[in-house]
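As stored in target_31.pdb (PDB, C-alpha atoms, pLDDT in the B column):
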MODEL        1
ATOM      1  CA  MET A   1     120.032 158.549  65.599  1.00 91.00           C
ATOM      2  CA  ILE A   2     119.573 154.812  66.104  1.00 96.00           C
ATOM      3  CA  ASP A   3     116.348 153.208  64.891  1.00 97.00           C
ATOM      4  CA  PHE A   4     115.252 149.742  65.972  1.00 98.00           C
ATOM      5  CA  VAL A   5     113.417 147.431  63.593  1.00 98.00           C
ATOM      6  CA  PRO A   6     112.422 143.780  63.857  1.00 98.00           C
ATOM      7  CA  LEU A   7     115.389 141.635  62.912  1.00 98.00           C
ATOM      8  CA  ALA A   8     113.163 139.685  60.515  1.00 97.00           C
ATOM      9  CA  THR A   9     113.036 142.770  58.257  1.00 98.00           C
ATOM     10  CA  ILE A  10     116.806 142.665  57.683  1.00 98.00           C
ATOM     11  CA  ASP A  11     118.460 140.601  54.946  1.00 97.00           C
ATOM     12  CA  PRO A  12     119.763 137.446  56.719  1.00 97.00           C
ATOM     13  CA  PRO A  13     123.168 137.497  54.954  1.00 97.00           C
ATOM     14  CA  ALA A  14     123.706 141.076  56.217  1.00 98.00           C
ATOM     15  CA  VAL A  15     123.068 139.858  59.778  1.00 98.00           C
ATOM     16  CA  GLU A  16     125.441 136.909  59.317  1.00 96.00           C
ATOM     17  CA  HIS A  17     128.176 139.185  57.963  1.00 97.00           C
ATOM     18  CA  LEU A  18     127.797 141.507  60.952  1.00 98.00           C
ATOM     19  CA  LEU A  19     127.988 138.540  63.336  1.00 97.00           C
ATOM     20  CA  ASP A  20     131.151 137.323  61.576  1.00 97.00           C
ATOM     21  CA  ARG A  21     132.754 140.769  61.895  1.00 96.00           C
ATOM     22  CA  ALA A  22     131.757 141.094  65.542  1.00 96.00           C
ATOM     23  CA  PHE A  23     132.561 137.549  66.746  1.00 95.00           C
ATOM     24  CA  GLY A  24     134.597 135.832  64.041  1.00 93.00           C
ATOM     25  CA  ALA A  25     133.661 133.238  61.473  1.00 88.00           C
ATOM     26  CA  ASP A  26     134.391 130.443  63.999  1.00 90.00           C
ATOM     27  CA  ARG A  27     131.542 131.582  66.276  1.00 93.00           C
ATOM     28  CA  HIS A  28     129.316 128.603  65.356  1.00 89.00           C
ATOM     29  CA  GLY A  29     131.457 126.259  67.476  1.00 89.00           C
ATOM     30  CA  ARG A  30     130.685 128.095  70.707  1.00 94.00           C
ATOM     31  CA  THR A  31     128.479 126.601  73.399  1.00 96.00           C
ATOM     32  CA  ALA A  32     125.846 129.325  72.972  1.00 95.00           C
ATOM     33  CA  TYR A  33     125.315 128.158  69.387  1.00 93.00           C
ATOM     34  CA  ARG A  34     124.965 124.547  70.533  1.00 93.00           C
ATOM     35  CA  ILE A  35     122.244 125.511  73.015  1.00 94.00           C
ATOM     36  CA  ARG A  36     120.067 127.121  70.367  1.00 90.00           C
ATOM     37  CA  ASP A  37     120.934 124.729  67.538  1.00 87.00           C
ATOM     38  CA  GLY A  38     118.011 124.217  65.198  1.00 86.00           C
ATOM     39  CA  MET A  39     115.916 126.958  66.817  1.00 90.00           C
ATOM     40  CA  ARG A  40     114.587 130.193  65.353  1.00 93.00           C
ATOM     41  CA  ALA A  41     115.128 133.411  67.250  1.00 95.00           C
ATOM     42  CA  ILE A  42     112.082 134.812  69.056  1.00 96.00           C
ATOM     43  CA  PRO A  43     110.814 137.433  66.561  1.00 97.00           C
ATOM     44  CA  GLU A  44     109.297 139.808  69.120  1.00 97.00           C
ATOM     45  CA  LEU A  45     112.595 139.929  71.077  1.00 98.00           C
ATOM     46  CA  SER A  46     115.087 140.153  68.186  1.00 98.00           C
ATOM     47  CA  PHE A  47     116.019 143.522  66.680  1.00 98.00           C
ATOM     48  CA  ALA A  48     118.358 145.348  64.363  1.00 98.00           C
ATOM     49  CA  ALA A  49     119.850 148.766  65.081  1.00 98.00           C
ATOM     50  CA  LEU A  50     119.993 151.032  62.044  1.00 98.00           C
ATOM     51  CA  GLU A  51     121.699 154.377  61.679  1.00 97.00           C
ATOM     52  CA  SER A  52     120.958 156.248  58.458  1.00 96.00           C
ATOM     53  CA  SER A  53     119.522 152.956  57.136  1.00 95.00           C
ATOM     54  CA  GLU A  54     122.854 151.178  57.769  1.00 97.00           C
ATOM     55  CA  LEU A  55     122.958 148.058  59.943  1.00 98.00           C
ATOM     56  CA  VAL A  56     125.106 148.842  62.996  1.00 98.00           C
ATOM     57  CA  GLY A  57     123.926 146.189  65.456  1.00 98.00           C
ATOM     58  CA  THR A  58     121.648 143.256  66.202  1.00 98.00           C
ATOM     59  CA  ILE A  59     120.267 141.406  69.177  1.00 98.00           C
ATOM     60  CA  GLN A  60     118.644 138.010  69.110  1.00 98.00           C
ATOM     61  CA  CYS A  61     116.787 136.092  71.798  1.00 98.00           C
ATOM     62  CA  TRP A  62     116.176 132.369  71.609  1.00 97.00           C
ATOM     63  CA  PRO A  63     113.669 129.890  73.056  1.00 95.00           C
ATOM     64  CA  VAL A  64     115.551 127.555  75.397  1.00 96.00           C
ATOM     65  CA  ARG A  65     114.554 125.454  78.379  1.00 95.00           C
ATOM     66  CA  PHE A  66     115.811 124.290  81.724  1.00 97.00           C
ATOM     67  CA  ALA A  67     115.208 120.573  82.184  1.00 96.00           C
ATOM     68  CA  GLY A  68     115.587 120.080  85.913  1.00 96.00           C
ATOM     69  CA  ALA A  69     116.993 116.960  87.510  1.00 96.00           C
ATOM     70  CA  ASP A  70     113.765 116.980  89.557  1.00 95.00           C
ATOM     71  CA  GLY A  71     111.604 116.797  86.402  1.00 95.00           C
ATOM     72  CA  ARG A  72     110.824 120.508  86.131  1.00 94.00           C
ATOM     73  CA  GLU A  73     110.669 122.003  82.630  1.00 95.00           C
ATOM     74  CA  VAL A  74     111.114 125.777  82.660  1.00 96.00           C
ATOM     75  CA  PRO A  75     110.999 127.822  79.452  1.00 96.00           C
ATOM     76  CA  LEU A  76     113.684 130.520  79.252  1.00 97.00           C
ATOM     77  CA  ALA A  77     114.666 133.173  76.743  1.00 97.00           C
ATOM     78  CA  MET A  78     118.379 133.163  75.935  1.00 98.00           C
ATOM     79  CA  VAL A  79     119.634 136.672  75.188  1.00 98.00           C
ATOM     80  CA  GLY A  80     122.347 137.040  72.575  1.00 96.00           C
ATOM     81  CA  PRO A  81     124.260 137.422  70.552  1.00 97.00           C
ATOM     82  CA  VAL A  82     124.396 141.181  70.870  1.00 98.00           C
ATOM     83  CA  ALA A  83     126.462 142.182  67.854  1.00 98.00           C
ATOM     84  CA  VAL A  84     127.723 145.678  67.061  1.00 98.00           C
ATOM     85  CA  GLU A  85     129.714 146.796  64.053  1.00 98.00           C
ATOM     86  CA  PRO A  86     133.335 146.627  65.326  1.00 97.00           C
ATOM     87  CA  ALA A  87     134.107 150.281  64.542  1.00 96.00           C
ATOM     88  CA  ARG A  88     131.062 151.281  66.640  1.00 96.00           C
ATOM     89  CA  GLN A  89     131.528 149.005  69.652  1.00 95.00           C
ATOM     90  CA  ARG A  90     132.244 151.769  72.164  1.00 92.00           C
ATOM     91  CA  ASP A  91     129.284 153.946  71.103  1.00 96.00           C
ATOM     92  CA  GLY A  92     126.631 152.467  73.442  1.00 96.00           C
ATOM     93  CA  ILE A  93     124.738 150.653  70.685  1.00 98.00           C
ATOM     94  CA  GLY A  94     124.925 147.315  72.514  1.00 97.00           C
ATOM     95  CA  LYS A  95     123.400 148.867  75.635  1.00 97.00           C
ATOM     96  CA  LEU A  96     120.624 150.432  73.555  1.00 98.00           C
ATOM     97  CA  LEU A  97     119.911 147.056  71.944  1.00 98.00           C
ATOM     98  CA  MET A  98     119.770 145.355  75.348  1.00 98.00           C
ATOM     99  CA  ASP A  99     117.468 148.051  76.726  1.00 98.00           C
ATOM    100  CA  HIS A 100     115.179 147.665  73.708  1.00 98.00           C
ATOM    101  CA  ALA A 101     115.075 143.857  73.943  1.00 98.00           C
ATOM    102  CA  LEU A 102     114.487 143.913  77.715  1.00 98.00           C
ATOM    103  CA  ALA A 103     111.603 146.354  77.271  1.00 97.00           C
ATOM    104  CA  ALA A 104     110.119 144.006  74.668  1.00 98.00           C
ATOM    105  CA  ALA A 105     110.602 141.087  77.081  1.00 97.00           C
ATOM    106  CA  GLU A 106     108.651 143.004  79.719  1.00 97.00           C
ATOM    107  CA  THR A 107     105.799 143.467  77.251  1.00 96.00           C
ATOM    108  CA  SER A 108     105.813 139.830  76.095  1.00 94.00           C
ATOM    109  CA  GLY A 109     106.068 138.359  79.593  1.00 93.00           C
ATOM    110  CA  ASP A 110     109.515 136.835  79.012  1.00 92.00           C
ATOM    111  CA  ALA A 111     111.363 139.188  81.386  1.00 95.00           C
ATOM    112  CA  THR A 112     110.910 136.899  84.406  1.00 96.00           C
ATOM    113  CA  ARG A 113     113.157 134.162  82.988  1.00 97.00           C
ATOM    114  CA  LEU A 114     116.107 135.340  80.928  1.00 98.00           C
ATOM    115  CA  MET A 115     119.588 133.843  80.611  1.00 98.00           C
ATOM    116  CA  LEU A 116     122.774 134.526  78.674  1.00 98.00           C
ATOM    117  CA  ILE A 117     126.458 133.764  78.453  1.00 97.00           C
ATOM    118  CA  GLY A 118     128.437 136.980  78.755  1.00 96.00           C
ATOM    119  CA  ASP A 119     130.613 139.404  80.666  1.00 96.00           C
ATOM    120  CA  PRO A 120     129.325 139.386  84.258  1.00 97.00           C
ATOM    121  CA  GLU A 121     130.591 142.872  85.064  1.00 97.00           C
ATOM    122  CA  TYR A 122     128.735 144.412  82.110  1.00 96.00           C
ATOM    123  CA  TYR A 123     125.501 142.416  82.248  1.00 97.00           C
ATOM    124  CA  SER A 124     125.253 142.609  86.041  1.00 97.00           C
ATOM    125  CA  ARG A 125     126.002 146.310  86.275  1.00 96.00           C
ATOM    126  CA  TRP A 126     123.666 147.508  83.553  1.00 96.00           C
ATOM    127  CA  PHE A 127     120.967 144.850  83.361  1.00 98.00           C
ATOM    128  CA  GLY A 128     120.815 142.879  86.627  1.00 97.00           C
ATOM    129  CA  PHE A 129     122.007 139.489  85.351  1.00 98.00           C
ATOM    130  CA  THR A 130     123.811 137.291  87.910  1.00 98.00           C
ATOM    131  CA  ALA A 131     125.208 133.785  88.297  1.00 98.00           C
ATOM    132  CA  GLU A 132     123.354 133.236  91.596  1.00 96.00           C
ATOM    133  CA  ARG A 133     121.004 130.540  90.255  1.00 97.00           C
ATOM    134  CA  THR A 134     123.072 129.002  87.466  1.00 98.00           C
ATOM    135  CA  ALA A 135     125.689 126.989  89.393  1.00 97.00           C
ATOM    136  CA  GLY A 136     123.851 123.690  88.839  1.00 97.00           C
ATOM    137  CA  TRP A 137     123.097 124.240  85.174  1.00 98.00           C
ATOM    138  CA  GLN A 138     124.709 121.978  82.576  1.00 97.00           C
ATOM    139  CA  LEU A 139     125.270 123.103  78.989  1.00 97.00           C
ATOM    140  CA  PRO A 140     126.056 121.190  75.770  1.00 95.00           C
ATOM    141  CA  GLY A 141     129.640 122.433  75.793  1.00 95.00           C
ATOM    142  CA  PRO A 142     132.196 124.284  77.878  1.00 96.00           C
ATOM    143  CA  VAL A 143     131.378 127.526  79.654  1.00 96.00           C
ATOM    144  CA  GLU A 144     133.154 129.697  82.165  1.00 96.00           C
ATOM    145  CA  ARG A 145     130.726 129.324  85.107  1.00 95.00           C
ATOM    146  CA  HIS A 146     130.920 132.990  86.114  1.00 97.00           C
ATOM    147  CA  ARG A 147     129.736 133.948  82.593  1.00 98.00           C
ATOM    148  CA  LEU A 148     126.522 131.858  82.784  1.00 98.00           C
ATOM    149  CA  LEU A 149     124.039 134.488  83.913  1.00 98.00           C
ATOM    150  CA  ALA A 150     120.305 134.811  84.493  1.00 98.00           C
ATOM    151  CA  ARG A 151     117.745 137.431  85.423  1.00 98.00           C
ATOM    152  CA  GLY A 152     114.144 137.264  86.603  1.00 97.00           C
ATOM    153  CA  HIS A 153     112.152 135.874  89.503  1.00 95.00           C
ATOM    154  CA  ASP A 154     111.068 132.754  87.557  1.00 97.00           C
ATOM    155  CA  VAL A 155     114.629 131.642  86.750  1.00 97.00           C
ATOM    156  CA  PRO A 156     115.096 128.117  88.114  1.00 97.00           C
ATOM    157  CA  ASP A 157     117.700 127.241  90.692  1.00 95.00           C
ATOM    158  CA  GLY A 158     119.225 123.803  91.079  1.00 95.00           C
ATOM    159  CA  GLU A 159     120.543 121.004  88.910  1.00 97.00           C
ATOM    160  CA  GLY A 160     119.404 120.838  85.302  1.00 97.00           C
ATOM    161  CA  VAL A 161     120.287 121.007  81.626  1.00 97.00           C
ATOM    162  CA  ILE A 162     119.875 123.999  79.329  1.00 97.00           C
ATOM    163  CA  GLY A 163     118.875 123.165  75.758  1.00 94.00           C
ATOM    164  CA  PRO A 164     116.609 124.167  72.891  1.00 91.00           C
ATOM    165  CA  ARG A 165     112.887 124.634  73.396  1.00 88.00           C
ATOM    166  CA  VAL A 166     110.444 123.787  70.651  1.00 71.00           C
ATOM    167  CA  VAL A 167     108.177 126.731  69.880  1.00 57.00           C
ATOM    168  CA  VAL A 168     105.174 126.510  67.594  1.00 54.00           C
ATOM    169  CA  LEU A 169     105.173 129.512  65.266  1.00 54.00           C
ATOM    170  CA  ALA A 170     101.761 130.720  64.192  1.00 55.00           C
TER     171      ALA A 170
ENDMDL
END
Please rewrite the model in this file as structure tokens.
Amino acid sequence: MIDFVPLATIDPPAVEHLLDRAFGADRHGRTAYRIRDGMRAIPELSFAALESSELVGTIQCWPVRFAGADGREVPLAMVGPVAVEPARQRDGIGKLLMDHALAAAETSGDATRLMLIGDPEYYSRWFGFTAERTAGWQLPGPVERHRLLARGHDVPDGEGVIGPRVVVLA
């Protein structure tokens, strides 16, 4: 049985080791890391999956923003990384983590403006993410355009830049 706990309750080095195993130690050079550079994950949307008290997966969501060419500033939550222990990657843990985070986003009010960089077939099929509104978005690094996805009725359309969003933590 999989239990979900706030990611903040997990030893940070354990999370980092899982991320290295799932994505490789070179993961910090990816565009997704540049977008959220210097930010802290959103605590109420970031979780660990435990099975028999063992860490088998994590999901993190990050405060980012769309700075529109027209002057609009739209806060977004960037979903990911979704990391699963490599030996368990076909067991549905990633889907369970996404379901859990999306339910938390519904509760927190963040579900109307989510974005991620990921496999369009997977994230569209199971979670409703699409590239319909992201064609004009610019990122601080390379991205395959079809992998830049968003979900929610408050997701901005048009030209703009995605970058970190300053959040005041209480």
| request: Please write as a PyMOL selection string the full residue list that the PyMOL selection byres ((chain A and resi 65) around 10) yields on this file. | output: chain A and resi 35-36+62-64+66-68+72-78+113+160-166
| request: Can you work out which one of A:Val79, A:Val15, A:Ala103, A:Ala69 has the shortest atom-to-atom distance to Gln138 of chain A, counting all atoms listed in the file? | output: A:Ala69
| request: Determine the nearest neighbour of Asp91 of chain A from the options A:Val56, A:Val155, A:Ala104, A:Ala150, counting all atoms listed in the file. | output: A:Val56
Quick one: apply the PyMOL selection byres ((chain A and resi 121-130) around 10) to the file and drop the selected residues here as a PDB file with C-alpha atoms, in the coordinates of the input.
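So expr-v1.pdb came out as:
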ATOM      1  CA  LYS A  95     123.400 148.867  75.635  1.00 97.00           C
ATOM      2  CA  MET A  98     119.770 145.355  75.348  1.00 98.00           C
ATOM      3  CA  ASP A  99     117.468 148.051  76.726  1.00 98.00           C
ATOM      4  CA  LEU A 102     114.487 143.913  77.715  1.00 98.00           C
ATOM      5  CA  LEU A 114     116.107 135.340  80.928  1.00 98.00           C
ATOM      6  CA  MET A 115     119.588 133.843  80.611  1.00 98.00           C
ATOM      7  CA  LEU A 116     122.774 134.526  78.674  1.00 98.00           C
ATOM      8  CA  ILE A 117     126.458 133.764  78.453  1.00 97.00           C
ATOM      9  CA  GLY A 118     128.437 136.980  78.755  1.00 96.00           C
ATOM     10  CA  ASP A 119     130.613 139.404  80.666  1.00 96.00           C
ATOM     11  CA  PRO A 120     129.325 139.386  84.258  1.00 97.00           C
ATOM     12  CA  ALA A 131     125.208 133.785  88.297  1.00 98.00           C
ATOM     13  CA  GLU A 132     123.354 133.236  91.596  1.00 96.00           C
ATOM     14  CA  ARG A 133     121.004 130.540  90.255  1.00 97.00           C
ATOM     15  CA  THR A 134     123.072 129.002  87.466  1.00 98.00           C
ATOM     16  CA  HIS A 146     130.920 132.990  86.114  1.00 97.00           C
ATOM     17  CA  ARG A 147     129.736 133.948  82.593  1.00 98.00           C
ATOM     18  CA  LEU A 148     126.522 131.858  82.784  1.00 98.00           C
ATOM     19  CA  LEU A 149     124.039 134.488  83.913  1.00 98.00           C
ATOM     20  CA  ALA A 150     120.305 134.811  84.493  1.00 98.00           C
ATOM     21  CA  ARG A 151     117.745 137.431  85.423  1.00 98.00           C
ATOM     22  CA  GLY A 152     114.144 137.264  86.603  1.00 97.00           C
TER      23      GLY A 152
END
Extending 8 Å beyond the listed atoms of segment 101-115 of chain A on each side, what axis-aligned box results? I want centre and edge lengths in Å to one decimal, as lines of an AutoDock Vina configuration file.
center_x = 112.7
center_y = 140.1
center_z = 79.2
size_x = 29.8
size_y = 28.5
size_z = 26.5
| On this structure, which residues satisfy the PyMOL selection byres ((chain A and resi 39-50) around 6), written as a list in words? |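 What the PyMOL selection byres ((chain A and resi 39-50) around 6) grabs from the file is Ile2, Asp3, Phe4, Val5, Pro6, Leu7, Arg36, Asp37, Gly38, Glu51, Ser53, Glu54, Leu55, Val56, Gly57, Thr58, Ile59, Gln60, Cys61, Trp62, Ala101 and Ala104 of chain A.
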| Could you work out how far atom CA of Leu19 of chain A lies from atom CA of Gly141 of chain A, giving the answer in Å with one decimal? |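 For atom CA of Gly141 of chain A relative to atom CA of Leu19 of chain A, the distance reads 20.4 Å.
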| message | Here is a test: counting all atoms listed in the file, which residue of A:Asp26, A:Asp20, A:Thr31, A:Pro13 is nearest to Val143 of chain A? | response |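 Of the candidates, the smallest distance to Val143 of chain A is held by A:Thr31.
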| request: Grab the atom CA of Ile10 of chain A to atom CA of Val84 of chain A distance for me, in Å with one decimal place. | output: 14.7 Å
| Atomic separation - atom CA of Val82 of chain A relative to atom CA of Ala32 of chain A, Å |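 Taking atom CA of Ala32 of chain A as the start and atom CA of Val82 of chain A as the end point, the length is 12.1 Å.
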Quick one: segment 95-131 of chain A with N, CA and C atoms, as a PDB file, in the coordinates of the input?
ATOM      1  N   LYS A  95     124.263 148.554  74.487  1.00 97.00           N
ATOM      2  CA  LYS A  95     123.400 148.867  75.635  1.00 97.00           C
ATOM      3  C   LYS A  95     122.005 149.257  75.164  1.00 97.00           C
ATOM      4  N   LEU A  96     121.929 150.053  74.105  1.00 98.00           N
ATOM      5  CA  LEU A  96     120.624 150.432  73.555  1.00 98.00           C
ATOM      6  C   LEU A  96     119.858 149.202  73.060  1.00 98.00           C
ATOM      7  N   LEU A  97     120.554 148.293  72.406  1.00 98.00           N
ATOM      8  CA  LEU A  97     119.911 147.056  71.944  1.00 98.00           C
ATOM      9  C   LEU A  97     119.392 146.235  73.115  1.00 98.00           C
ATOM     10  N   MET A  98     120.204 146.091  74.164  1.00 98.00           N
ATOM     11  CA  MET A  98     119.770 145.355  75.348  1.00 98.00           C
ATOM     12  C   MET A  98     118.558 146.020  75.987  1.00 98.00           C
ATOM     13  N   ASP A  99     118.608 147.337  76.147  1.00 98.00           N
ATOM     14  CA  ASP A  99     117.468 148.051  76.726  1.00 98.00           C
ATOM     15  C   ASP A  99     116.199 147.809  75.910  1.00 98.00           C
ATOM     16  N   HIS A 100     116.333 147.856  74.591  1.00 98.00           N
ATOM     17  CA  HIS A 100     115.179 147.665  73.708  1.00 98.00           C
ATOM     18  C   HIS A 100     114.628 146.242  73.832  1.00 98.00           C
ATOM     19  N   ALA A 101     115.513 145.252  73.828  1.00 98.00           N
ATOM     20  CA  ALA A 101     115.075 143.857  73.943  1.00 98.00           C
ATOM     21  C   ALA A 101     114.461 143.575  75.315  1.00 98.00           C
ATOM     22  N   LEU A 102     115.043 144.133  76.370  1.00 98.00           N
ATOM     23  CA  LEU A 102     114.487 143.913  77.715  1.00 98.00           C
ATOM     24  C   LEU A 102     113.116 144.566  77.859  1.00 98.00           C
ATOM     25  N   ALA A 103     112.927 145.720  77.253  1.00 97.00           N
ATOM     26  CA  ALA A 103     111.603 146.354  77.271  1.00 97.00           C
ATOM     27  C   ALA A 103     110.596 145.482  76.527  1.00 97.00           C
ATOM     28  N   ALA A 104     111.005 144.909  75.414  1.00 98.00           N
ATOM     29  CA  ALA A 104     110.119 144.006  74.668  1.00 98.00           C
ATOM     30  C   ALA A 104     109.826 142.749  75.485  1.00 98.00           C
ATOM     31  N   ALA A 105     110.810 142.264  76.227  1.00 97.00           N
ATOM     32  CA  ALA A 105     110.602 141.087  77.081  1.00 97.00           C
ATOM     33  C   ALA A 105     109.605 141.392  78.192  1.00 97.00           C
ATOM     34  N   GLU A 106     109.646 142.600  78.714  1.00 97.00           N
ATOM     35  CA  GLU A 106     108.651 143.004  79.719  1.00 97.00           C
ATOM     36  C   GLU A 106     107.248 142.941  79.119  1.00 97.00           C
ATOM     37  N   THR A 107     107.099 143.447  77.916  1.00 96.00           N
ATOM     38  CA  THR A 107     105.799 143.467  77.251  1.00 96.00           C
ATOM     39  C   THR A 107     105.303 142.062  76.937  1.00 96.00           C
ATOM     40  N   SER A 108     106.213 141.179  76.504  1.00 94.00           N
ATOM     41  CA  SER A 108     105.813 139.830  76.095  1.00 94.00           C
ATOM     42  C   SER A 108     105.655 138.862  77.266  1.00 94.00           C
ATOM     43  N   GLY A 109     106.134 139.245  78.440  1.00 93.00           N
ATOM     44  CA  GLY A 109     106.068 138.359  79.593  1.00 93.00           C
ATOM     45  C   GLY A 109     107.292 137.472  79.764  1.00 93.00           C
ATOM     46  N   ASP A 110     108.309 137.654  78.924  1.00 92.00           N
ATOM     47  CA  ASP A 110     109.515 136.835  79.012  1.00 92.00           C
ATOM     48  C   ASP A 110     110.543 137.370  79.995  1.00 92.00           C
ATOM     49  N   ALA A 111     110.343 138.541  80.554  1.00 95.00           N
ATOM     50  CA  ALA A 111     111.363 139.188  81.386  1.00 95.00           C
ATOM     51  C   ALA A 111     111.608 138.485  82.714  1.00 95.00           C
ATOM     52  N   THR A 112     110.744 137.568  83.116  1.00 96.00           N
ATOM     53  CA  THR A 112     110.910 136.899  84.406  1.00 96.00           C
ATOM     54  C   THR A 112     111.842 135.696  84.338  1.00 96.00           C
ATOM     55  N   ARG A 113     112.293 135.336  83.130  1.00 97.00           N
ATOM     56  CA  ARG A 113     113.157 134.162  82.988  1.00 97.00           C
ATOM     57  C   ARG A 113     114.075 134.304  81.766  1.00 97.00           C
ATOM     58  N   LEU A 114     115.122 135.083  81.973  1.00 98.00           N
ATOM     59  CA  LEU A 114     116.107 135.340  80.928  1.00 98.00           C
ATOM     60  C   LEU A 114     117.456 134.754  81.329  1.00 98.00           C
ATOM     61  N   MET A 115     118.235 134.330  80.344  1.00 98.00           N
ATOM     62  CA  MET A 115     119.588 133.843  80.611  1.00 98.00           C
ATOM     63  C   MET A 115     120.482 134.254  79.454  1.00 98.00           C
ATOM     64  N   LEU A 116     121.793 134.238  79.714  1.00 98.00           N
ATOM     65  CA  LEU A 116     122.774 134.526  78.674  1.00 98.00           C
ATOM     66  C   LEU A 116     124.137 134.042  79.110  1.00 98.00           C
ATOM     67  N   ILE A 117     125.050 134.015  78.165  1.00 97.00           N
ATOM     68  CA  ILE A 117     126.458 133.764  78.453  1.00 97.00           C
ATOM     69  C   ILE A 117     127.179 135.052  78.077  1.00 97.00           C
ATOM     70  N   GLY A 118     127.805 135.707  79.057  1.00 96.00           N
ATOM     71  CA  GLY A 118     128.437 136.980  78.755  1.00 96.00           C
ATOM     72  C   GLY A 118     129.261 137.525  79.905  1.00 96.00           C
ATOM     73  N   ASP A 119     129.753 138.714  79.702  1.00 96.00           N
ATOM     74  CA  ASP A 119     130.613 139.404  80.666  1.00 96.00           C
ATOM     75  C   ASP A 119     129.810 139.763  81.916  1.00 96.00           C
ATOM     76  N   PRO A 120     130.125 139.143  83.061  1.00 97.00           N
ATOM     77  CA  PRO A 120     129.325 139.386  84.258  1.00 97.00           C
ATOM     78  C   PRO A 120     129.378 140.830  84.747  1.00 97.00           C
ATOM     79  N   GLU A 121     130.504 141.481  84.603  1.00 97.00           N
ATOM     80  CA  GLU A 121     130.591 142.872  85.064  1.00 97.00           C
ATOM     81  C   GLU A 121     129.631 143.765  84.274  1.00 97.00           C
ATOM     82  N   TYR A 122     129.594 143.593  82.980  1.00 96.00           N
ATOM     83  CA  TYR A 122     128.735 144.412  82.110  1.00 96.00           C
ATOM     84  C   TYR A 122     127.253 144.078  82.325  1.00 96.00           C
ATOM     85  N   TYR A 123     126.913 142.798  82.195  1.00 97.00           N
ATOM     86  CA  TYR A 123     125.501 142.416  82.248  1.00 97.00           C
ATOM     87  C   TYR A 123     124.920 142.517  83.649  1.00 97.00           C
ATOM     88  N   SER A 124     125.727 142.405  84.679  1.00 97.00           N
ATOM     89  CA  SER A 124     125.253 142.609  86.041  1.00 97.00           C
ATOM     90  C   SER A 124     125.047 144.093  86.318  1.00 97.00           C
ATOM     91  N   ARG A 125     126.040 144.871  85.983  1.00 96.00           N
ATOM     92  CA  ARG A 125     126.002 146.310  86.275  1.00 96.00           C
ATOM     93  C   ARG A 125     124.832 147.006  85.596  1.00 96.00           C
ATOM     94  N   TRP A 126     124.659 146.753  84.317  1.00 96.00           N
ATOM     95  CA  TRP A 126     123.666 147.508  83.553  1.00 96.00           C
ATOM     96  C   TRP A 126     122.293 146.847  83.508  1.00 96.00           C
ATOM     97  N   PHE A 127     122.228 145.531  83.644  1.00 98.00           N
ATOM     98  CA  PHE A 127     120.967 144.850  83.361  1.00 98.00           C
ATOM     99  C   PHE A 127     120.502 143.871  84.436  1.00 98.00           C
ATOM    100  N   GLY A 128     121.260 143.704  85.510  1.00 97.00           N
ATOM    101  CA  GLY A 128     120.815 142.879  86.627  1.00 97.00           C
ATOM    102  C   GLY A 128     120.966 141.383  86.457  1.00 97.00           C
ATOM    103  N   PHE A 129     121.760 140.921  85.507  1.00 98.00           N
ATOM    104  CA  PHE A 129     122.007 139.489  85.351  1.00 98.00           C
ATOM    105  C   PHE A 129     123.043 139.041  86.380  1.00 98.00           C
ATOM    106  N   THR A 130     122.854 137.838  86.944  1.00 98.00           N
ATOM    107  CA  THR A 130     123.811 137.291  87.910  1.00 98.00           C
ATOM    108  C   THR A 130     123.977 135.786  87.678  1.00 98.00           C
ATOM    109  N   ALA A 131     124.972 135.233  88.344  1.00 98.00           N
ATOM    110  CA  ALA A 131     125.208 133.785  88.297  1.00 98.00           C
ATOM    111  C   ALA A 131     124.656 133.094  89.549  1.00 98.00           C
TER     112      ALA A 131
END
